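Trainee: Here you go, this is work_37.cif (mmCIF, C-alpha atoms).
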data_run
#
loop_
_atom_site.label_atom_id
_atom_site.label_comp_id
_atom_site.auth_asym_id
_atom_site.auth_seq_id
_atom_site.Cartn_x
_atom_site.Cartn_y
_atom_site.Cartn_z
CA MET A 18 37.79 19.45 19.03
CA PRO A 19 34.04 20.17 18.66
CA ASN A 20 32.20 21.35 21.74
CA ARG A 21 29.38 19.44 23.42
CA ASP A 22 26.58 21.29 21.60
CA GLU A 23 28.15 20.59 18.19
CA VAL A 24 28.56 16.92 19.00
CA ASP A 25 24.95 16.73 20.17
CA GLU A 26 23.75 18.34 16.95
CA GLU A 27 25.77 15.86 14.90
CA GLN A 28 24.33 12.98 16.90
CA ILE A 29 20.80 14.30 16.43
CA LEU A 30 21.36 14.72 12.69
CA ALA A 31 22.71 11.18 12.45
CA ALA A 32 19.69 9.90 14.37
CA LEU A 33 17.25 11.74 12.09
CA LEU A 34 18.98 10.37 9.01
CA GLY A 35 18.74 6.89 10.55
CA VAL A 36 15.02 7.36 11.19
CA ALA A 37 14.48 8.55 7.60
CA GLU A 38 16.34 5.52 6.24
CA MET A 39 14.42 3.18 8.52
CA ALA A 40 11.10 4.71 7.46
CA GLY A 41 12.02 4.07 3.85
CA ASP A 42 13.15 0.48 4.43
CA LEU A 43 10.37 -0.80 6.70
CA THR A 44 7.30 -1.68 4.66
CA ASP A 45 5.27 -3.17 7.52
CA PRO A 46 3.42 -0.27 9.25
CA GLU A 47 3.26 -2.06 12.61
CA GLU A 48 7.00 -2.73 12.55
CA LEU A 49 7.71 0.89 11.67
CA LEU A 50 5.46 2.24 14.43
CA ALA A 51 7.02 -0.08 17.00
CA ALA A 52 10.49 1.13 16.02
CA ILE A 53 9.52 4.83 16.11
CA VAL A 54 7.98 4.72 19.59
CA ARG A 55 11.08 2.98 20.94
CA ILE A 56 13.69 5.20 19.29
CA THR A 57 12.16 8.67 19.69
CA PRO A 58 12.10 8.94 23.52
CA GLY A 59 15.88 8.48 23.72
CA LEU A 60 16.48 11.36 21.32
CA VAL A 61 14.72 13.91 23.55
CA GLY A 62 15.33 12.48 27.01
CA VAL A 63 11.88 11.15 27.91
CA ASP A 64 10.69 7.63 28.66
CA ARG A 65 7.29 7.34 26.96
CA CYS A 66 6.03 7.71 23.40
CA ALA A 67 2.84 6.91 21.53
CA VAL A 68 1.45 7.28 18.03
CA LEU A 69 -2.22 8.24 17.95
CA GLY A 70 -4.02 7.68 14.66
CA TYR A 71 -6.90 9.91 13.61
CA ASP A 72 -10.22 8.58 12.34
CA LYS A 73 -11.78 11.39 10.30
CA GLN A 74 -15.19 9.74 10.09
CA ALA A 75 -15.48 9.05 13.82
CA ARG A 76 -13.58 12.25 14.70
CA GLU A 77 -11.47 10.51 17.29
CA PHE A 78 -7.88 9.63 18.13
CA ARG A 79 -6.89 6.07 18.95
CA THR A 80 -3.58 4.48 19.91
CA LEU A 81 -1.68 2.76 17.09
CA ALA A 82 1.53 2.03 19.01
CA ALA A 83 3.04 2.95 22.37
CA PHE A 84 6.20 2.43 24.39
CA GLY A 85 6.99 3.24 28.01
CA PRO A 86 8.73 2.02 31.15
CA GLY A 87 7.56 -1.23 32.63
CA GLY A 88 6.88 -2.94 29.32
CA VAL A 89 3.62 -3.57 27.54
CA PRO A 90 0.79 -2.73 27.89
CA THR A 91 1.20 0.97 28.55
CA PRO A 92 -1.70 3.20 29.71
CA PHE A 93 -2.06 4.24 26.06
CA GLU A 94 -3.24 0.77 25.00
CA GLY A 95 -6.85 0.94 23.84
CA LEU A 96 -7.07 4.69 24.46
CA ARG A 97 -9.65 6.57 22.37
CA ILE A 98 -10.19 10.33 22.59
CA GLN A 99 -13.02 12.11 20.84
CA VAL A 100 -12.23 15.46 19.20
CA ALA A 101 -15.14 16.96 21.13
CA GLU A 102 -13.31 16.09 24.38
CA ILE A 103 -10.17 18.03 23.42
CA PRO A 104 -11.41 21.05 21.40
CA ARG A 105 -8.41 23.34 22.07
CA LEU A 106 -5.82 20.65 21.45
CA ALA A 107 -7.63 19.37 18.37
CA HIS A 108 -7.85 22.87 16.93
CA ARG A 109 -4.10 23.35 17.31
CA ILE A 110 -2.86 20.02 15.92
CA VAL A 111 -5.68 19.11 13.49
CA SER A 112 -6.69 22.51 12.10
CA LEU A 113 -3.49 24.51 12.48
CA ARG A 114 -1.09 21.52 12.18
CA LEU A 115 1.09 22.95 14.95
CA PRO A 116 2.83 21.10 17.82
CA ALA A 117 1.30 21.52 21.28
CA LEU A 118 3.03 21.65 24.66
CA LEU A 119 0.78 20.36 27.43
CA LYS A 120 1.28 21.38 31.05
CA GLU A 121 -1.21 19.57 33.23
CA PRO A 122 -2.97 20.34 35.45
CA SER A 123 -3.49 24.01 34.66
CA PRO A 124 -6.42 26.46 34.44
CA GLU A 125 -6.31 26.06 30.65
CA ALA A 126 -6.13 22.30 30.57
CA MET A 127 -6.18 20.79 27.09
CA LEU A 128 -6.94 17.25 28.23
CA PRO A 129 -10.06 15.81 29.87
CA ALA A 130 -9.76 14.56 33.42
CA PHE A 131 -10.02 10.87 32.50
CA VAL A 132 -6.99 11.16 30.17
CA GLN A 133 -4.92 13.00 32.79
CA LYS A 134 -5.78 10.35 35.37
CA ARG A 135 -5.14 7.42 33.04
CA LEU A 136 -1.81 8.67 31.70
CA GLY A 137 -0.58 10.55 34.78
CA VAL A 138 0.30 13.50 32.54
CA THR A 139 2.32 16.38 33.91
CA THR A 140 3.89 17.72 30.73
CA ALA A 141 3.74 16.36 27.18
CA LEU A 142 4.60 17.22 23.61
CA VAL A 143 2.03 16.43 20.90
CA VAL A 144 3.19 16.81 17.30
CA PRO A 145 0.81 16.45 14.33
CA LEU A 146 1.34 13.80 11.63
CA ALA A 147 0.37 15.28 8.28
CA CYS A 148 1.29 14.51 4.67
CA ARG A 149 0.06 15.93 1.36
CA GLY A 150 -2.70 17.88 3.03
CA ARG A 151 -3.96 14.90 5.01
CA PHE A 152 -4.00 14.80 8.82
CA LEU A 153 -3.10 11.27 9.95
CA GLY A 154 -2.69 11.56 13.71
CA SER A 155 -0.15 12.71 16.26
CA LEU A 156 3.10 11.73 17.93
CA TRP A 157 2.93 12.00 21.74
CA LEU A 158 5.94 12.21 24.08
CA ASP A 159 6.09 12.62 27.86
CA ASP A 160 8.10 11.48 30.88
CA THR A 161 6.71 9.47 33.79
CA ARG A 162 9.63 10.32 36.08
CA SER A 163 9.30 14.11 36.25
CA PRO A 164 7.95 17.06 34.25
CA HIS A 165 10.07 17.45 31.12
CA LEU A 166 10.64 20.91 29.71
CA PHE A 167 10.95 20.39 25.95
CA THR A 168 13.52 22.65 24.32
CA SER A 169 13.14 24.14 20.84
CA THR A 170 15.80 21.71 19.58
CA GLU A 171 13.88 18.73 20.96
CA ILE A 172 10.65 19.96 19.40
CA ASN A 173 12.40 20.33 16.04
CA VAL A 174 13.79 16.80 16.36
CA VAL A 175 10.35 15.34 17.06
CA GLN A 176 8.84 17.33 14.19
CA GLY A 177 11.48 15.88 11.86
CA ILE A 178 10.62 12.36 13.00
CA ALA A 179 6.89 13.12 12.66
CA THR A 180 7.42 14.24 9.06
CA GLU A 181 9.16 11.00 8.10
CA LEU A 182 6.57 8.93 9.95
CA ALA A 183 3.66 10.73 8.27
CA ILE A 184 5.16 10.14 4.81
CA ALA A 185 5.64 6.46 5.59
CA LEU A 186 2.11 6.07 6.98
CA ASN A 187 0.58 7.89 4.02
CA THR A 188 2.48 5.70 1.57
CA SER A 189 1.51 2.55 3.45
CA GLU A 190 -2.16 3.57 3.43
CA LEU A 191 -2.07 4.30 -0.30
CA VAL A 192 -0.39 0.94 -0.96
CA GLY A 193 -3.08 -0.76 1.12
CA LYS A 194 -5.84 0.98 -0.83
CA LEU A 195 -4.17 0.09 -4.13
CA ASP A 196 -3.91 -3.55 -3.06
CA LEU A 197 -7.61 -3.58 -2.14
CA GLU A 198 -8.56 -2.07 -5.51
CA ARG A 199 -6.42 -4.66 -7.26
CA ARG A 200 -8.17 -7.46 -5.38
CA ARG A 201 -11.57 -6.02 -6.29
CA PHE A 202 -10.50 -5.76 -9.92
CA ASP A 203 -9.24 -9.37 -9.96
CA ALA A 204 -12.49 -10.57 -8.39
CA LEU A 205 -14.54 -8.68 -10.98
CA VAL A 206 -12.44 -10.03 -13.86
CA GLY A 207 -12.76 -13.58 -12.53
CA ALA A 208 -16.55 -13.24 -12.32
CA LEU A 209 -17.03 -11.81 -15.82
CA MET A 210 -14.39 -13.48 -17.98
CA ASP A 211 -11.90 -16.33 -18.16
CA GLY A 212 -8.81 -14.16 -18.38
CA LEU A 213 -7.42 -10.70 -19.00
CA LEU A 214 -4.47 -9.57 -21.09
CA ILE A 215 -3.17 -5.98 -20.96
CA VAL A 216 -0.98 -4.52 -23.72
CA ASP A 217 0.40 -1.01 -24.31
CA ARG A 218 -0.04 1.15 -27.41
CA ASP A 219 2.93 -0.64 -29.06
CA ARG A 220 1.24 -4.01 -28.53
CA ARG A 221 3.78 -5.00 -25.91
CA MET A 222 2.32 -7.10 -23.13
CA VAL A 223 2.06 -5.46 -19.73
CA HIS A 224 0.10 -7.93 -17.63
CA LEU A 225 -1.50 -11.37 -17.75
CA ASP A 226 -4.01 -12.02 -14.96
CA PRO A 227 -4.17 -15.36 -13.07
CA GLY A 228 -7.11 -16.57 -15.20
CA ALA A 229 -5.21 -16.02 -18.44
CA GLU A 230 -2.10 -17.63 -16.95
CA ALA A 231 -4.14 -20.70 -15.97
CA LEU A 232 -5.71 -20.96 -19.43
CA LEU A 233 -2.63 -20.34 -21.57
CA GLY A 234 0.22 -21.43 -19.33
CA TRP A 235 2.29 -18.28 -19.86
CA GLN A 236 3.57 -16.42 -16.80
CA ASN A 237 3.93 -12.65 -16.45
CA SER A 238 7.70 -12.93 -16.06
CA GLU A 239 7.90 -14.72 -19.42
CA ILE A 240 5.72 -12.46 -21.55
CA ARG A 241 6.07 -8.96 -20.09
CA GLY A 242 7.49 -6.58 -22.68
CA ARG A 243 7.10 -8.98 -25.61
CA ARG A 244 4.76 -8.22 -28.49
CA VAL A 245 1.42 -9.94 -28.25
CA TYR A 246 1.42 -11.36 -31.80
CA GLU A 247 4.88 -12.90 -31.34
CA VAL A 248 3.98 -14.80 -28.17
CA PHE A 249 0.58 -16.07 -29.32
CA GLU A 250 1.64 -16.57 -32.95
CA ILE A 251 -1.14 -14.52 -34.50
CA THR A 252 -0.88 -11.92 -37.23
CA GLU A 253 -0.41 -8.22 -36.55
CA ALA A 254 -3.85 -7.64 -38.05
CA GLU A 255 -5.36 -10.12 -35.60
CA ALA A 256 -3.58 -8.35 -32.76
CA ASP A 257 -5.02 -4.98 -33.80
CA VAL A 258 -8.29 -3.70 -32.39
CA ALA A 259 -11.27 -4.39 -34.66
CA TRP A 260 -14.04 -1.82 -34.87
CA THR A 261 -17.74 -1.94 -35.49
CA LYS A 262 -20.04 0.97 -36.25
CA GLU A 263 -22.75 1.67 -33.69
CA ARG A 264 -25.26 4.50 -33.35
CA GLY A 265 -22.87 6.38 -31.06
CA GLY A 266 -19.90 5.84 -33.37
CA ALA A 267 -17.18 3.23 -33.83
CA VAL A 268 -16.65 0.83 -30.92
CA PRO A 269 -14.17 -2.04 -30.40
CA ALA A 270 -15.49 -5.40 -31.59
CA ALA A 271 -14.85 -8.89 -30.27
CA LYS A 272 -12.71 -11.32 -32.27
CA VAL A 273 -12.37 -15.08 -32.27
CA LEU A 274 -8.66 -15.89 -32.12
CA SER A 275 -6.59 -19.04 -31.87
CA LEU A 276 -3.89 -18.26 -29.31
CA ARG A 277 -0.80 -20.41 -28.91
CA ALA A 278 -0.50 -21.62 -25.33
CA ARG A 279 2.82 -22.35 -23.65
CA ASP A 280 2.51 -26.05 -24.48
CA GLY A 281 2.01 -25.25 -28.17
CA VAL A 282 -1.72 -26.01 -28.14
CA ARG A 283 -3.94 -23.54 -30.01
CA VAL A 284 -6.64 -22.23 -27.68
CA SER A 285 -9.77 -20.84 -29.32
CA CYS A 286 -10.96 -17.69 -27.52
CA SER A 287 -13.35 -14.81 -27.95
CA VAL A 288 -11.33 -11.66 -27.29
CA LEU A 289 -12.99 -8.30 -26.57
CA PRO A 290 -10.70 -5.21 -26.53
CA ILE A 291 -11.37 -2.47 -23.96
CA LEU A 292 -9.54 0.82 -24.52
CA VAL A 293 -7.90 2.78 -21.71
CA ARG A 294 -7.54 6.44 -22.69
CA ASP A 295 -5.87 9.51 -21.23
CA PRO A 296 -7.73 12.84 -20.78
CA GLU A 297 -6.87 13.74 -24.40
CA ARG A 298 -8.57 10.53 -25.56
CA ASP A 299 -5.31 8.94 -26.70
CA VAL A 300 -5.11 5.18 -26.12
CA LEU A 301 -2.72 4.25 -23.30
CA GLN A 302 -3.44 0.55 -23.02
CA VAL A 303 -5.78 -2.10 -24.36
CA LEU A 304 -7.41 -4.64 -22.05
CA TYR A 305 -8.25 -7.87 -23.85
CA ALA A 306 -11.08 -9.69 -22.08
CA ILE A 307 -10.73 -13.39 -22.90
CA ARG A 308 -13.54 -15.94 -22.93
CA LYS A 309 -12.56 -19.47 -23.83
CA ALA A 310 -14.57 -21.63 -26.24
CA ALA A 311 -16.90 -24.22 -24.72
CA GLY A 312 -15.07 -27.36 -23.65
CA THR A 313 -11.62 -25.72 -23.67
CA LYS A 314 -9.38 -27.11 -20.94
CA SER A 315 -6.92 -25.15 -18.85
CA TYR A 316 -3.16 -25.45 -19.23
CA ALA A 317 -2.91 -27.51 -16.03
CA GLU A 318 -5.62 -29.91 -17.21
CA ARG A 319 -3.87 -30.39 -20.54
CA LEU A 320 -0.57 -30.93 -18.77
CA MET A 321 -2.05 -33.58 -16.47
CA GLU A 322 -3.60 -35.36 -19.45
CA SER A 323 -0.28 -35.41 -21.29
CA LEU A 324 1.43 -36.86 -18.21
CA SER A 325 -1.22 -39.55 -17.87
CA GLU A 326 -0.42 -40.70 -21.41
CA VAL A 327 3.20 -41.51 -20.51
CA PRO A 328 2.56 -44.88 -18.81
CA ARG A 329 0.41 -46.02 -21.72
CA THR A 330 3.22 -45.24 -24.14
CA GLN A 331 5.71 -47.12 -22.00
CA ARG A 332 3.45 -50.21 -21.85
CA ALA A 333 2.77 -50.24 -25.58
CA LYS A 334 4.43 -53.06 -27.50
CA PRO A 335 7.28 -51.96 -29.75
CA PRO A 336 6.65 -52.40 -33.48
CA GLU A 337 7.98 -55.61 -35.00
#
Please render this file's structure as structure tokens.
Mentor:
Amino acid sequence: MPNRDEVDEEQILAALLGVAEMAGDLTDPEELLAAIVRITPGLVGVDRCAVLGYDKQAREFRTLAAFGPGGVPTPFEGLRIQVAEIPRLAHRIVSLRLPALLKEPSPEAMLPAFVQKRLGVTTALVVPLACRGRFLGSLWLDDTRSPHLFTSTEINVVQGIATELAIALNTSELVGKLDLERRRFDALVGALMDGLLIVDRDRRMVHLDPGAEALLGWQNSEIRGRRVYEVFEITEAEADVAWTKERGGAVPAAKVLSLRARDGVRVSCSVLPILVRDPERDVLQVLYAIRKAAGTKSYAERLMESLSEVPRTQRAKPPE
């Protein structure tokens, strides 16, 4: 039968694996943070935990999530700490990326008096959150009941959790930035053109933006992966990029095409190809900027008009 230490190590390993799985499954950052600050204290025998995010521009820490006895809010709520107020602690966790053990009060105090008073700190463990060379914040653990002497095993456990949390936070931030860039791109496309079609080097369709969907009626799920000339019933030559000679060399030229919409209607459009190249100048994708001809109606407008014709047909007298 395994001894107590072996069982504890197995339990800790199982808990860390559970945290890693949870970090991968939870896509909402707030939900993930709330789960981490509730689970972590129980793994190391303390009763309070907080995640402090780091604002590089303001050079300050601020509370992202916290959990402690007595419910919410904890003393961490709304807490902001300037780097200038904690130079020794900041140097250790921000610059060196090393965990810090705080024992307050002491002659070499790492925390300002207002933080000690607000949190009632006696001992605490502060572990940095870092991923891909980026410092994101810190994971703070302490105990309000009595000074807690963190063992090397407990520190390793918290560092393992901090690693998973940092990866999840970094991914979430990158996803948020990507979503913002996508929204900016969509806004720019909507302001400059009526629609956008993206195809790969094999002329297979990759993406149809909302403007193009509204104009032509096709949805991304229907056209993705299909060849552009097959869907819109144009020739391969029409689907190819046309070139014109300018002073700086050959450049893509606009074409006037008649594209088949989902309802079978031919939609006259001016289509300007924009090449996306890799560092070796090879074409990766082609963006087709679409501008509809004057007076062209959207797919929804055509659909509504066709539906409005139904009652007239029903009221018409049958031929004798």
Trainee: At what distance in Å, to one decimal, does atom CA of Gly177 of chain A lie from atom CA of Lys194 of chain A?
Mentor: 26.1 Å
Trainee: Calculate how many Å separate atom CA of Ala267 of chain A from atom CA of Leu292 of chain A, rounding to one decimal.
Mentor: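 So the two atoms, atom CA of Ala267 of chain A and atom CA of Leu292 of chain A, lie 12.3 Å apart.
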Trainee: Need the neighbours of (-2.6, 15.4, 34.8): which residues are at most 12 Å away, counting all atoms listed in the file, as a PyMOL selection string?
Mentor: chain A and resi 119-124+126-141+159+161+164
Trainee: With all atoms listed in the file as the basis for distance, which of A:Val223, A:Arg151, A:Leu197, A:Arg65 is at the shortest distance from Leu301 of chain A?
Mentor: A:Val223
Trainee: Run the PyMOL selection byres ((chain A and resi 235) around 10) against the file shown and list the residues it catches, as a list in words.
Mentor: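 Against this file, the PyMOL selection byres ((chain A and resi 235) around 10) returns the residues Leu225, Pro227, Ala229, Glu230, Ala231, Leu232, Leu233, Gly234, Gln236, Asn237, Ser238, Glu239, Ile240, Val248, Phe249, Arg277, Ala278, Arg279, Asp280 and Tyr316 of chain A.
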Trainee: Near Cys66 of chain A, counting all atoms listed in the file, which residues have an atom at most 7 Å away, once you skip same-chain residues fewer than 6 positions from it, shown as an mmCIF file with C-alpha atoms, in the frame of the given file?
Mentor:
data_model
loop_
_atom_site.group_PDB
_atom_site.id
_atom_site.type_symbol
_atom_site.label_atom_id
_atom_site.label_comp_id
_atom_site.auth_asym_id
_atom_site.auth_seq_id
_atom_site.Cartn_x
_atom_site.Cartn_y
_atom_site.Cartn_z
ATOM 1 C CA VAL A 54 7.980 4.720 19.590
ATOM 2 C CA PRO A 58 12.100 8.940 23.520
ATOM 3 C CA ALA A 83 3.040 2.950 22.370
ATOM 4 C CA PHE A 84 6.200 2.430 24.390
ATOM 5 C CA GLY A 85 6.990 3.240 28.010
ATOM 6 C CA TRP A 157 2.930 12.000 21.740
ATOM 7 C CA LEU A 158 5.940 12.210 24.080
ATOM 8 C CA ASP A 159 6.090 12.620 27.860
#
Trainee: Mind telling me what the PyMOL selection byres ((chain A and resi 95) around 10) catches here, as a CSV table (one decimal) with C-alpha atoms, keeping the file's coordinate frame?
Mentor:
chain,number,residue,atom,x,y,z
A,79,ARG,CA,-6.9,6.1,19.0
A,80,THR,CA,-3.6,4.5,19.9
A,81,LEU,CA,-1.7,2.8,17.1
A,82,ALA,CA,1.5,2.0,19.0
A,90,PRO,CA,0.8,-2.7,27.9
A,91,THR,CA,1.2,1.0,28.6
A,92,PRO,CA,-1.7,3.2,29.7
A,93,PHE,CA,-2.1,4.2,26.1
A,94,GLU,CA,-3.2,0.8,25.0
A,96,LEU,CA,-7.1,4.7,24.5
A,97,ARG,CA,-9.6,6.6,22.4
Trainee: Check the smallest atom-to-atom distance from each of A:Val192, A:Ala117, A:Val174, A:Val63 to Arg162 of chain A using only C-alpha atoms, then report the winner.
Mentor: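 Checking each candidate against Arg162 of chain A, we get A:Val63 as the closest.
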Trainee: Kindly resolve the PyMOL selection byres ((chain A and resi 73) around 12) on the present coordinates and return the residues as a list in words.
Mentor: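 Those residues are Gly70, Tyr71, Asp72, Gln74, Ala75, Arg76, Glu77, Phe78, Arg79, Gln99, Val100, Val111, Arg151, Phe152, Leu153 and Gly154 of chain A.
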Trainee: Please list as number ranges by chain every residue within 9 Å of Ile251 of chain A, counting all atoms listed in the file and excluding residues in the same chain fewer than 5 positions away.
Mentor: A: 245-246, 256, 274-277
Trainee: For Lys314 of chain A, list every protein, DNA or RNA residue within 9 Å, evaluated using only C-alpha atoms, and leave out those in the same chain fewer than 4 positions away; present the list as a PyMOL selection string.
Mentor: chain A and resi 232+284+309+318-319
Trainee: Next, dump the selected residues to file, keeping only C-alpha atoms, as a tab-separated table (two decimals), in the frame of the given file.
Mentor:
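As written to disk, again.tsv reads:
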chain	number	residue	atom	x	y	z
A	232	LEU	CA	-5.71	-20.96	-19.43
A	284	VAL	CA	-6.64	-22.23	-27.68
A	309	LYS	CA	-12.56	-19.47	-23.83
A	318	GLU	CA	-5.62	-29.91	-17.21
A	319	ARG	CA	-3.87	-30.39	-20.54
Trainee: Choose the residue, out of A:Leu186, A:Ala204, A:Ala271, A:Ala310, that has the smallest atom-to-atom separation from Asp45 of chain A; count all atoms listed in the file.
Mentor: A:Leu186
Trainee: If I put a ball of radius 12 Å at (-2.2, 15.4, 2.3) in the file's coordinates, which residues poke into it when counting all atoms listed in the file, written as a PDB file with C-alpha atoms, in the coordinates of the input?
Mentor:
ATOM      1  CA  ARG A 114      -1.090  21.520  12.180  1.00  0.00           C
ATOM      2  CA  LEU A 146       1.340  13.800  11.630  1.00  0.00           C
ATOM      3  CA  ALA A 147       0.370  15.280   8.280  1.00  0.00           C
ATOM      4  CA  CYS A 148       1.290  14.510   4.670  1.00  0.00           C
ATOM      5  CA  ARG A 149       0.060  15.930   1.360  1.00  0.00           C
ATOM      6  CA  GLY A 150      -2.700  17.880   3.030  1.00  0.00           C
ATOM      7  CA  ARG A 151      -3.960  14.900   5.010  1.00  0.00           C
ATOM      8  CA  PHE A 152      -4.000  14.800   8.820  1.00  0.00           C
ATOM      9  CA  LEU A 153      -3.100  11.270   9.950  1.00  0.00           C
ATOM     10  CA  THR A 180       7.420  14.240   9.060  1.00  0.00           C
ATOM     11  CA  ALA A 183       3.660  10.730   8.270  1.00  0.00           C
ATOM     12  CA  ILE A 184       5.160  10.140   4.810  1.00  0.00           C
ATOM     13  CA  LEU A 186       2.110   6.070   6.980  1.00  0.00           C
ATOM     14  CA  ASN A 187       0.580   7.890   4.020  1.00  0.00           C
ATOM     15  CA  THR A 188       2.480   5.700   1.570  1.00  0.00           C
ATOM     16  CA  GLU A 190      -2.160   3.570   3.430  1.00  0.00           C
ATOM     17  CA  LEU A 191      -2.070   4.300  -0.300  1.00  0.00           C
TER      18      LEU A 191
END
Trainee: Closest to Gly212 of chain A among A:Ala101, A:Ala306, A:Leu182, A:Ile110, using only C-alpha atoms?
Mentor: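 Closest to Gly212 of chain A of all the choices is A:Ala306.
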